[in-house]
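Chemist: The file below is input-v1.tsv, TSV, C-alpha atoms:
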chain	number	residue	atom	x	y	z
A	1	MET	CA	27.44	-8.52	16.39
A	2	ARG	CA	23.65	-8.96	16.44
A	3	ILE	CA	21.62	-5.96	15.33
A	4	VAL	CA	17.97	-5.53	16.31
A	5	ILE	CA	16.08	-2.67	14.64
A	6	ASP	CA	12.92	-1.11	16.07
A	7	THR	CA	9.85	-0.08	14.08
A	8	ASN	CA	10.53	3.67	14.24
A	9	ILE	CA	13.87	3.25	12.42
A	10	PHE	CA	12.33	1.32	9.51
A	11	CYS	CA	9.47	3.82	9.19
A	12	GLU	CA	11.92	6.64	8.44
A	13	ASP	CA	12.85	4.90	5.14
A	14	TYR	CA	10.37	2.15	4.26
A	15	TYR	CA	12.23	0.76	1.26
A	16	LEU	CA	15.67	1.19	2.86
A	17	ARG	CA	16.81	3.32	-0.08
A	18	GLY	CA	18.51	6.15	1.80
A	19	SER	CA	22.25	6.32	2.29
A	20	ASN	CA	21.99	5.41	5.99
A	21	PHE	CA	20.36	2.04	5.31
A	22	ARG	CA	22.59	1.48	2.27
A	23	VAL	CA	25.71	1.91	4.37
A	24	LEU	CA	24.37	-0.31	7.15
A	25	LEU	CA	23.42	-3.20	4.84
A	26	ASP	CA	26.61	-2.88	2.80
A	27	GLY	CA	28.78	-2.93	5.92
A	28	LEU	CA	27.29	-5.97	7.67
A	29	ASN	CA	29.87	-8.37	6.21
A	30	SER	CA	32.81	-6.27	7.33
A	31	LEU	CA	31.57	-5.90	10.92
A	32	PRO	CA	30.59	-8.83	10.86
A	33	GLY	CA	26.95	-8.28	11.82
A	34	THR	CA	23.59	-10.02	11.50
A	35	LEU	CA	20.14	-8.45	11.38
A	36	LEU	CA	17.74	-10.04	13.87
A	37	ILE	CA	14.35	-8.39	13.46
A	38	PRO	CA	11.44	-9.32	15.78
A	39	GLU	CA	8.38	-10.50	13.89
A	40	VAL	CA	6.30	-7.98	15.81
A	41	VAL	CA	8.48	-5.23	14.30
A	42	VAL	CA	7.81	-6.56	10.79
A	43	ASP	CA	4.07	-6.56	11.48
A	44	GLU	CA	4.20	-3.04	12.94
A	45	VAL	CA	6.23	-1.65	10.03
A	46	VAL	CA	3.92	-3.19	7.42
A	47	ASN	CA	0.88	-1.81	9.23
A	48	ARG	CA	2.42	1.67	9.45
A	49	TYR	CA	3.26	1.45	5.74
A	50	ARG	CA	-0.39	0.57	5.00
A	51	GLU	CA	-1.69	3.46	7.12
A	52	ASP	CA	0.71	5.97	5.55
A	53	LEU	CA	-0.09	4.76	2.04
A	54	LEU	CA	-3.83	5.10	2.71
A	55	GLU	CA	-3.29	8.61	4.03
A	56	VAL	CA	-1.29	9.64	0.95
A	57	THR	CA	-3.80	8.18	-1.51
A	58	SER	CA	-6.63	9.89	0.38
A	59	LYS	CA	-4.85	13.24	0.02
A	60	GLU	CA	-4.33	12.52	-3.69
A	61	ARG	CA	-8.09	12.12	-4.14
A	62	GLU	CA	-8.67	15.43	-2.34
A	63	VAL	CA	-6.16	17.18	-4.64
A	64	ARG	CA	-7.77	15.67	-7.74
A	65	ASN	CA	-11.23	16.78	-6.61
A	66	SER	CA	-9.94	20.31	-6.05
A	67	LEU	CA	-8.22	20.37	-9.44
A	68	SER	CA	-11.35	19.13	-11.21
A	69	ARG	CA	-13.21	22.18	-9.88
A	70	MET	CA	-10.46	24.58	-10.93
A	71	LEU	CA	-9.29	23.30	-14.35
A	72	SER	CA	-11.04	23.90	-17.64
A	73	ASN	CA	-10.49	20.24	-18.51
A	74	PRO	CA	-11.13	18.19	-15.30
A	75	GLY	CA	-10.21	14.94	-17.06
A	76	SER	CA	-6.64	16.11	-17.57
A	77	THR	CA	-5.59	14.90	-14.10
A	78	PRO	CA	-5.52	11.08	-14.21
A	79	PRO	CA	-5.93	9.19	-10.92
A	80	LEU	CA	-3.05	7.33	-9.32
A	81	ASN	CA	-5.04	4.10	-9.17
A	82	VAL	CA	-2.86	2.67	-6.40
A	83	ASP	CA	-3.85	-0.85	-5.37
A	84	VAL	CA	-3.12	-0.45	-1.67
A	85	VAL	CA	-3.61	-4.14	-0.82
A	86	ALA	CA	-1.21	-5.24	-3.58
A	87	GLN	CA	1.36	-2.62	-2.58
A	88	VAL	CA	1.21	-3.66	1.08
A	89	ASN	CA	1.59	-7.35	0.21
A	90	ALA	CA	4.54	-6.55	-2.08
A	91	TYR	CA	6.12	-4.41	0.63
A	92	ARG	CA	5.92	-7.21	3.21
A	93	GLU	CA	7.60	-9.62	0.78
A	94	TYR	CA	10.31	-7.06	0.04
A	95	LEU	CA	11.01	-6.26	3.70
A	96	VAL	CA	11.18	-9.91	4.77
A	97	ALA	CA	13.45	-10.73	1.79
A	98	VAL	CA	15.91	-7.97	2.76
A	99	ILE	CA	15.95	-9.09	6.39
A	100	GLU	CA	16.45	-12.75	5.49
A	101	LYS	CA	19.28	-11.84	3.10
A	102	HIS	CA	21.15	-10.25	6.01
A	103	GLY	CA	19.84	-12.22	8.97
A	104	LYS	CA	16.45	-13.52	10.04
A	105	VAL	CA	13.05	-12.66	11.43
A	106	LEU	CA	12.74	-13.68	15.09
A	107	PRO	CA	9.34	-15.25	15.94
A	108	TYR	CA	7.01	-13.88	18.58
A	109	PRO	CA	8.21	-14.71	22.11
A	110	GLN	CA	6.37	-17.41	24.06
A	111	THR	CA	6.00	-15.29	27.21
A	112	PRO	CA	3.04	-16.57	29.29
A	113	HIS	CA	0.02	-14.26	29.28
A	114	LYS	CA	-0.02	-14.27	33.08
A	115	LYS	CA	3.47	-12.75	33.20
A	116	ILE	CA	2.47	-10.11	30.67
A	117	VAL	CA	-0.63	-9.17	32.66
A	118	GLU	CA	1.33	-9.04	35.92
A	119	ARG	CA	3.84	-6.71	34.31
A	120	ASP	CA	1.08	-4.56	32.85
A	121	LEU	CA	-0.69	-4.22	36.20
A	122	ALA	CA	2.59	-3.33	37.88
A	123	ARG	CA	3.09	-0.63	35.21
A	124	LYS	CA	6.61	-1.86	34.67
A	125	LYS	CA	8.39	-0.61	31.57
A	126	PRO	CA	7.63	-0.65	28.74
A	127	PHE	CA	4.00	-0.61	29.95
A	128	LYS	CA	2.47	2.76	30.77
A	129	ARG	CA	-0.29	3.78	33.14
A	130	ASP	CA	-2.88	3.61	30.36
A	131	GLY	CA	-1.92	0.00	29.63
A	132	SER	CA	-0.18	0.69	26.32
A	133	GLY	CA	3.17	-0.91	25.62
A	134	TYR	CA	2.19	-4.48	24.73
A	135	ARG	CA	4.05	-4.58	21.42
A	136	ASP	CA	7.09	-2.87	22.97
A	137	LEU	CA	7.13	-5.61	25.60
A	138	LEU	CA	7.19	-8.26	22.86
A	139	ILE	CA	10.18	-6.51	21.31
A	140	TRP	CA	11.90	-6.38	24.71
A	141	GLU	CA	11.20	-10.07	25.36
A	142	THR	CA	12.73	-10.89	21.97
A	143	ILE	CA	15.85	-8.89	22.81
A	144	LYS	CA	16.13	-10.61	26.18
A	145	SER	CA	16.12	-13.98	24.41
A	146	GLN	CA	19.20	-12.86	22.48
A	147	MET	CA	21.03	-12.12	25.73
A	148	LEU	CA	20.71	-15.68	27.08
A	149	TRP	CA	23.52	-17.20	25.01
A	150	GLY	CA	26.76	-16.27	23.31
A	151	THR	CA	29.18	-13.44	23.94
A	152	GLU	CA	28.38	-11.29	20.91
A	153	ARG	CA	27.38	-7.70	21.46
A	154	VAL	CA	23.70	-6.97	20.76
A	155	ILE	CA	22.92	-3.58	19.27
A	156	PHE	CA	19.36	-2.29	19.61
A	157	LEU	CA	18.58	0.51	17.16
A	158	THR	CA	15.56	2.43	18.48
A	159	ASN	CA	14.43	6.00	18.77
A	160	ASN	CA	12.09	5.25	21.67
A	161	PRO	CA	13.92	6.66	24.69
A	162	LYS	CA	10.82	6.84	26.92
A	163	ASP	CA	10.35	3.08	26.91
A	164	PHE	CA	13.83	1.70	26.31
A	165	GLY	CA	16.24	4.38	27.46
A	166	GLU	CA	18.47	7.14	26.14
A	167	GLY	CA	21.45	4.84	25.52
A	168	PRO	CA	24.09	3.58	25.41
A	169	LEU	CA	22.58	1.22	28.03
A	170	VAL	CA	18.91	0.36	28.18
A	171	ASP	CA	16.75	1.99	30.83
A	172	ALA	CA	17.87	1.27	34.42
A	173	GLU	CA	14.51	-0.38	35.14
A	174	LEU	CA	15.13	-2.91	32.37
A	175	GLN	CA	18.80	-3.68	33.08
A	176	PRO	CA	18.19	-6.15	35.96
A	177	GLU	CA	16.25	-8.39	33.54
A	178	ILE	CA	19.43	-9.34	31.65
A	179	LEU	CA	22.59	-10.92	33.02
A	180	ASN	CA	25.05	-8.79	31.06
A	181	PRO	CA	23.54	-5.33	30.39
A	182	ALA	CA	26.91	-4.02	29.19
A	183	HIS	CA	26.65	-6.39	26.19
A	184	LEU	CA	23.43	-4.69	25.06
A	185	GLN	CA	24.00	-1.28	23.50
A	186	LEU	CA	21.13	1.04	22.62
A	187	ILE	CA	21.73	3.39	19.67
A	188	ARG	CA	19.22	6.06	18.66
A	189	SER	CA	19.79	6.29	14.89
A	190	LEU	CA	21.21	4.56	11.84
A	191	ARG	CA	23.70	7.37	11.26
A	192	GLU	CA	25.02	7.06	14.83
A	193	PHE	CA	25.45	3.32	14.35
A	194	ASN	CA	27.17	3.71	10.98
A	195	GLU	CA	29.56	6.37	12.22
A	196	SER	CA	30.45	4.25	15.24
A	197	PHE	CA	30.89	0.87	13.56
A	198	VAL	CA	30.70	0.89	9.75
A	199	THR	CA	32.22	4.11	8.42
A	200	PRO	CA	35.56	3.75	10.26
A	201	ARG	CA	36.07	0.41	8.46
A	202	LEU	CA	35.58	1.92	5.00
A	203	ARG	CA	38.59	2.84	2.89
A	204	MET	CA	39.06	6.59	2.62
A	205	ILE	CA	39.32	8.18	-0.81
A	206	GLU	CA	41.59	11.19	-0.43
A	207	GLY	CA	43.26	13.98	-2.30
A	208	ALA	CA	42.46	14.86	-5.89
A	209	LYS	CA	40.32	11.76	-6.41
A	210	ALA	CA	37.98	12.81	-3.61
A	211	GLU	CA	37.92	16.46	-4.64
A	212	ALA	CA	37.07	15.45	-8.21
A	213	PHE	CA	33.55	14.46	-7.13
A	214	ALA	CA	32.74	18.15	-6.69
A	215	GLY	CA	34.47	19.26	-9.88
A	216	SER	CA	33.42	19.54	-13.49
A	217	SER	CA	35.76	16.69	-14.46
A	218	SER	CA	33.89	14.14	-12.35
A	219	ASP	CA	31.87	11.32	-13.92
A	220	VAL	CA	28.95	12.38	-11.73
A	221	ASP	CA	27.72	15.96	-12.06
A	222	LEU	CA	26.80	16.84	-8.48
A	223	ALA	CA	25.93	20.40	-9.43
A	224	ALA	CA	23.35	19.18	-11.94
A	225	TRP	CA	22.03	16.66	-9.41
A	226	LEU	CA	21.57	19.40	-6.82
A	227	ARG	CA	19.74	21.60	-9.31
A	228	SER	CA	17.36	18.73	-10.12
A	229	ASN	CA	16.80	17.33	-6.63
A	230	LEU	CA	17.46	19.81	-3.81
A	231	ILE	CA	14.02	21.47	-3.88
A	232	ASP	CA	12.30	18.08	-3.58
A	233	ILE	CA	14.65	16.97	-0.79
A	234	LEU	CA	13.89	20.07	1.28
A	235	TYR	CA	10.24	20.60	0.36
A	236	PHE	CA	8.61	18.90	3.34
A	237	GLU	CA	11.41	19.50	5.83
A	238	GLU	CA	9.71	20.69	9.04
A	239	SER	CA	12.72	22.63	10.30
A	240	LEU	CA	12.58	25.16	7.44
A	241	GLY	CA	10.26	27.47	9.39
A	242	LEU	CA	12.95	27.89	12.03
A	243	LEU	CA	15.90	28.04	9.64
A	244	VAL	CA	14.38	30.42	7.08
A	245	ALA	CA	12.31	32.75	9.26
A	246	GLY	CA	12.98	31.90	12.90
A	247	PHE	CA	9.44	30.54	13.31
A	248	PRO	CA	8.60	28.21	16.22
A	249	ASP	CA	7.68	24.59	15.52
A	250	ARG	CA	4.47	24.11	13.46
A	251	ALA	CA	3.90	27.85	13.04
A	252	GLY	CA	3.43	29.15	9.51
A	253	SER	CA	4.30	27.28	6.33
A	254	VAL	CA	7.69	27.62	4.63
A	255	ARG	CA	8.37	25.87	1.32
A	256	PRO	CA	11.32	26.18	-1.10
A	257	SER	CA	10.20	27.35	-4.54
A	258	GLU	CA	13.37	28.01	-6.54
A	259	LEU	CA	17.09	27.30	-6.36
A	260	VAL	CA	18.63	30.69	-7.06
A	261	ALA	CA	22.32	29.77	-6.79
A	262	PHE	CA	24.78	27.64	-4.92
A	263	HIS	CA	28.35	28.25	-3.84
A	264	ASP	CA	31.32	26.48	-2.34
A	265	LEU	CA	30.40	22.89	-3.18
A	266	LYS	CA	32.86	20.74	-1.22
A	267	VAL	CA	33.52	17.05	-0.63
A	268	VAL	CA	33.81	16.62	3.13
A	269	SER	CA	34.74	12.93	2.86
A	270	ALA	CA	34.62	10.05	0.40
A	271	ARG	CA	34.74	6.36	1.32
A	272	GLN	CA	34.60	3.12	-0.63
A	273	LEU	CA	31.75	0.75	0.27
A	274	GLU	CA	32.10	-3.03	0.12
A	275	SER	CA	29.89	-3.00	-2.99
A	276	GLU	CA	32.42	-0.69	-4.71
A	277	GLU	CA	29.91	2.16	-4.56
A	278	THR	CA	31.13	5.39	-3.00
A	279	LEU	CA	29.79	7.15	0.08
A	280	VAL	CA	30.37	10.88	-0.40
A	281	ARG	CA	29.55	13.59	2.13
A	282	ILE	CA	29.18	17.02	0.55
A	283	SER	CA	28.51	20.49	1.88
A	284	VAL	CA	27.17	23.35	-0.19
A	285	ASP	CA	25.95	26.90	0.43
A	286	VAL	CA	22.69	27.46	-1.43
A	287	GLU	CA	20.53	30.50	-2.06
A	288	LEU	CA	16.89	29.41	-2.16
A	289	GLU	CA	13.69	31.30	-2.72
A	290	PHE	CA	11.04	30.31	-0.19
A	291	SER	CA	7.32	30.96	-0.04
A	292	VAL	CA	6.29	31.93	3.49
A	293	ASP	CA	2.61	31.66	4.45
A	294	VAL	CA	1.06	32.64	7.78
A	295	ASP	CA	-2.53	33.02	8.99
A	296	TRP	CA	-4.10	35.25	11.64
A	297	ASP	CA	-3.87	32.61	14.37
A	298	ASP	CA	-0.11	32.29	13.72
A	299	PHE	CA	0.18	36.08	13.86
A	300	VAL	CA	-1.71	36.40	17.15
A	301	ASN	CA	-0.13	33.44	18.95
A	302	HIS	CA	3.55	33.80	18.03
A	303	PRO	CA	5.67	36.92	18.54
A	304	GLU	CA	8.19	35.47	16.07
A	305	ILE	CA	5.54	35.68	13.34
A	306	ARG	CA	4.76	39.31	14.26
A	307	ASP	CA	8.47	40.14	14.17
A	308	TRP	CA	8.66	38.60	10.72
A	309	ALA	CA	5.44	40.05	9.25
A	310	GLY	CA	5.45	43.40	11.08
A	311	GLU	CA	2.77	44.64	13.46
A	312	ASP	CA	-0.65	44.73	11.83
A	313	SER	CA	-3.84	45.77	13.60
A	314	GLU	CA	-6.16	44.54	10.85
A	315	PRO	CA	-7.05	40.82	10.97
A	316	PHE	CA	-6.29	38.82	7.82
A	317	SER	CA	-7.11	35.29	6.72
A	318	SER	CA	-3.66	34.57	5.28
A	319	SER	CA	-0.53	36.33	4.15
A	320	SER	CA	2.03	35.09	1.63
A	321	SER	CA	5.46	36.39	0.73
A	322	HIS	CA	8.64	35.24	-1.00
A	323	HIS	CA	12.14	35.56	0.37
A	324	VAL	CA	15.62	34.42	-0.64
A	325	THR	CA	17.59	32.77	2.16
A	326	ARG	CA	21.03	31.23	2.27
A	327	LEU	CA	21.44	27.75	3.76
A	328	ARG	CA	24.41	25.49	4.26
A	329	VAL	CA	23.36	21.96	3.35
A	330	VAL	CA	25.30	18.79	4.20
A	331	LEU	CA	24.28	15.57	2.47
A	332	ASP	CA	25.43	11.96	2.38
A	333	LEU	CA	25.30	10.49	-1.12
A	334	VAL	CA	25.84	6.94	-2.36
A	335	ILE	CA	27.24	7.05	-5.89
A	336	SER	CA	26.90	4.03	-8.17
A	337	SER	CA	30.13	2.64	-9.58
A	338	SER	CA	28.35	1.41	-12.72
A	339	THR	CA	26.08	4.34	-13.63
A	340	HIS	CA	28.15	7.13	-12.02
A	341	SER	CA	24.93	8.62	-10.66
A	342	VAL	CA	23.57	9.33	-7.19
A	343	ASP	CA	21.73	6.20	-6.06
A	344	SER	CA	20.60	7.41	-2.63
A	345	HIS	CA	20.91	10.33	-0.27
A	346	ASP	CA	20.20	11.52	3.26
A	347	LEU	CA	20.32	14.96	4.84
A	348	VAL	CA	23.05	15.32	7.47
A	349	SER	CA	22.52	18.94	8.57
A	350	LEU	CA	21.10	22.33	7.64
A	351	GLU	CA	22.44	25.66	8.88
A	352	SER	CA	21.26	29.26	8.51
A	353	GLU	CA	21.60	32.57	10.35
A	354	TYR	CA	18.78	31.40	12.67
A	355	GLY	CA	20.46	28.18	13.79
A	356	ASP	CA	21.27	24.67	12.66
A	357	VAL	CA	19.59	21.26	12.61
A	358	GLU	CA	21.35	17.89	12.75
A	359	PHE	CA	19.55	14.90	11.21
A	360	THR	CA	19.97	11.42	12.63
What would the structure in this file look like if it were written as structure tokens?

Modeler:
Amino acid sequence: MRIVIDTNIFCEDYYLRGSNFRVLLDGLNSLPGTLLIPEVVVDEVVNRYREDLLEVTSKEREVRNSLSRMLSNPGSTPPLNVDVVAQVNAYREYLVAVIEKHGKVLPYPQTPHKKIVERDLARKKPFKRDGSGYRDLLIWETIKSQMLWGTERVIFLTNNPKDFGEGPLVDAELQPEILNPAHLQLIRSLREFNESFVTPRLRMIEGAKAEAFAGSSSDVDLAAWLRSNLIDILYFEESLGLLVAGFPDRAGSVRPSELVAFHDLKVVSARQLESEETLVRISVDVELEFSVDVDWDDFVNHPEIRDWAGEDSEPFSSSSSHHVTRLRVVLDLVISSSTHSVDSHDLVSLESEYGDVEFT
């Protein structure tokens, strides 16, 4: 099996530390599978990493400037002093090293410029009417080169349905360009790939041994880990507005502030990875205190906000309140066999009285 990964998948977890990437990389030998990453994807990922890092460091400077105006001792907030160039160079080395450990970087295709321009002018996928799509075409040309020889299945992991298709086959407009479209499978997420190909090959841990992960007798204290980490895991989750208050997308600001209690911590499944680490899926009901902030524009434009805040005829600049809400949280955890601690995690789903959200 040859596995090609698009830029958008890497950008969800730059250092491949989450449980989804851990399971994928750990399971390649058992598939067997090989990573084949287009060089254009490497360049795109590194550039996105640079842009995101610059954005974060810029926000850090804004926060420090604000704190210096508000604190009695402005010098008490030391700068991050991030060397962006050094971090970007180190990241490229790291990413290429991981890819080459599990496969290889595929060089840029040698497609003639005339063919590219003809395709662009014809507005043929993945080009769009505004002429964008050049890098997507290079990715597609690289994938096509993998379909010219051998009988192995090629898996393309991408969350770009507009250009490449919804899956499991690539877009109908692209299929005639390859001889055997059924041998090319498009998958939208790492979790979908893992649950289709990797997880079924892992040895199940059942009975008391599996249940022990959630108990006080376990080597890893999941309750303590949740108390220390759950607020940070959920803090920037965009779906909290919907789940906590029924707010529409991007309306209001909802942030967890305190873990009040949790109940019914369960191990849904436990599986042994090739590395002898353990993949554990847990579910837990948590009571969390949230801060809910809305402004006048939110209030005027969204009936859901008015239902939440109550009708108010007097304009206001902002309104803040605190509420305790119960959520059911499902997480995938990778537990180290040597340190008996949680090495990585990924959210699987969140559920509340307002609805549920599945993460891919």

Chemist: Name the residues in contact with range 19-31 of chain A at a cut-off of 6 Å, using all atoms listed in the file, excluding same-chain residues fewer than 4 positions from it; report them as a count of residues only.

Modeler: 7

Chemist: Which residue out of A:Trp296, A:Tyr49, A:Tyr354, A:Tyr108 has the minimum interatomic distance to Leu243 in chain A when all atoms listed in the file are used?

Modeler: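 The answer is A:Tyr354, which sits nearest to Leu243 in chain A.
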
Chemist: Excluding Leu350 in chain A and residues on its chain fewer than 4 positions from it, collect all residues at most 7 Å away from it, counting all atoms listed in the file, and give them as number ranges by chain.

Modeler: A: 327-330, 356-358

Chemist: When you draw a straight line from CA of Lys162 in chain A to CA of Lys128 in chain A, how long is it in Å?

Modeler: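 The value is 10.1 Å.
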
Chemist: Taking only residues of range 141-232 of chain A that have an atom at most 12 Å from an atom of range 111-122 of chain A, what is each one's shortest atom pair and its distance in Å to one decimal, using only C-alpha atoms, in chain and number order, as a tab-separated table?

Modeler:
residue	atom	partner	partner_atom	distance
A:Glu141	CA	A:Thr111	CA	7.6
A:Thr142	CA	A:Thr111	CA	9.6
A:Lys144	CA	A:Thr111	CA	11.2
A:Ser145	CA	A:Thr111	CA	10.6

Chemist: Store the residues picked out above, limited to C-alpha atoms, as a compact mmCIF listing (two decimals), keeping the file's coordinate frame.

Modeler:
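Writing done, so here's part-v6.txt:
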# COMPACT_ATOMS: atom_id res chain seq x y z
CA GLU A 141 11.20 -10.07 25.36
CA THR A 142 12.73 -10.89 21.97
CA LYS A 144 16.13 -10.61 26.18
CA SER A 145 16.12 -13.98 24.41

Chemist: Could you please determine the separation between CA of Glu314 in chain A and CA of Val244 in chain A in Å, to one decimal place?

Modeler: 25.2 Å

Chemist: With a distance cut-off of 10 Å and all atoms listed in the file, select the neighbouring residues of Leu234 in chain A, excluding the residue or stretch itself and same-chain residues fewer than 2 positions from it, and output the selection as JSON, numbers by chain.

Modeler: {"A": [229, 230, 231, 232, 236, 237, 238, 239, 240, 255, 256, 329, 347, 350]}

Chemist: Write the residues you've just listed into a file as a PDB file, keeping the file's coordinate frame, and include C-alpha atoms for each of them.

Modeler:
ATOM      1  CA  ASN A 229      16.800  17.330  -6.630  1.00  0.00           C
ATOM      2  CA  LEU A 230      17.460  19.810  -3.810  1.00  0.00           C
ATOM      3  CA  ILE A 231      14.020  21.470  -3.880  1.00  0.00           C
ATOM      4  CA  ASP A 232      12.300  18.080  -3.580  1.00  0.00           C
ATOM      5  CA  PHE A 236       8.610  18.900   3.340  1.00  0.00           C
ATOM      6  CA  GLU A 237      11.410  19.500   5.830  1.00  0.00           C
ATOM      7  CA  GLU A 238       9.710  20.690   9.040  1.00  0.00           C
ATOM      8  CA  SER A 239      12.720  22.630  10.300  1.00  0.00           C
ATOM      9  CA  LEU A 240      12.580  25.160   7.440  1.00  0.00           C
ATOM     10  CA  ARG A 255       8.370  25.870   1.320  1.00  0.00           C
ATOM     11  CA  PRO A 256      11.320  26.180  -1.100  1.00  0.00           C
ATOM     12  CA  VAL A 329      23.360  21.960   3.350  1.00  0.00           C
ATOM     13  CA  LEU A 347      20.320  14.960   4.840  1.00  0.00           C
ATOM     14  CA  LEU A 350      21.100  22.330   7.640  1.00  0.00           C
TER      15      LEU A 350
END

Chemist: Interatomic distance between CA of Glu276 in chain A and CA of Asp13 in chain A?

Modeler: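 Calculated distance between CA of Glu276 in chain A and CA of Asp13 in chain A is 22.6 Å.
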
Chemist: Looking at all atoms listed in the file, which of A:Phe247, A:Phe164, A:Phe316, A:Tyr235 is the one that sits closest to Glu289 in chain A?

Modeler: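 Counting all atoms listed in the file, the residue closest to Glu289 in chain A is A:Tyr235.
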
Chemist: List the neighbours of Phe127 in chain A out to 8 Å using only C-alpha atoms; skip same-chain residues closer than 6 positions along the sequence, and give me the result as a list in words.

Modeler: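 In the requested form, the answer reads Arg119, Asp120, Gly133, Tyr134, Asp136, Leu137 and Asp163 of chain A.
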
Chemist: Keeping C-alpha atoms for every residue in the selection just given, could you write it to a file as a PDB file, in the coordinates of the input?

Modeler:
ATOM      1  CA  ARG A 119       3.840  -6.710  34.310  1.00  0.00           C
ATOM      2  CA  ASP A 120       1.080  -4.560  32.850  1.00  0.00           C
ATOM      3  CA  GLY A 133       3.170  -0.910  25.620  1.00  0.00           C
ATOM      4  CA  TYR A 134       2.190  -4.480  24.730  1.00  0.00           C
ATOM      5  CA  ASP A 136       7.090  -2.870  22.970  1.00  0.00           C
ATOM      6  CA  LEU A 137       7.130  -5.610  25.600  1.00  0.00           C
ATOM      7  CA  ASP A 163      10.350   3.080  26.910  1.00  0.00           C
TER       8      ASP A 163
END

Chemist: Near Ala212 in chain A, counting all atoms listed in the file, which residues have an atom at most 12 Å away, once you skip same-chain residues fewer than 5 positions from it, shown as a list of chain:residue names?

Modeler: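 So the residues in contact are A:Ile205, A:Glu206, A:Gly207, A:Ser217, A:Ser218, A:Asp219, A:Val220, A:Asp221, A:Leu222, A:Leu265, A:Lys266, A:Val267, A:Val268, A:Ser269, A:Ala270, A:Val280, A:Ile282.
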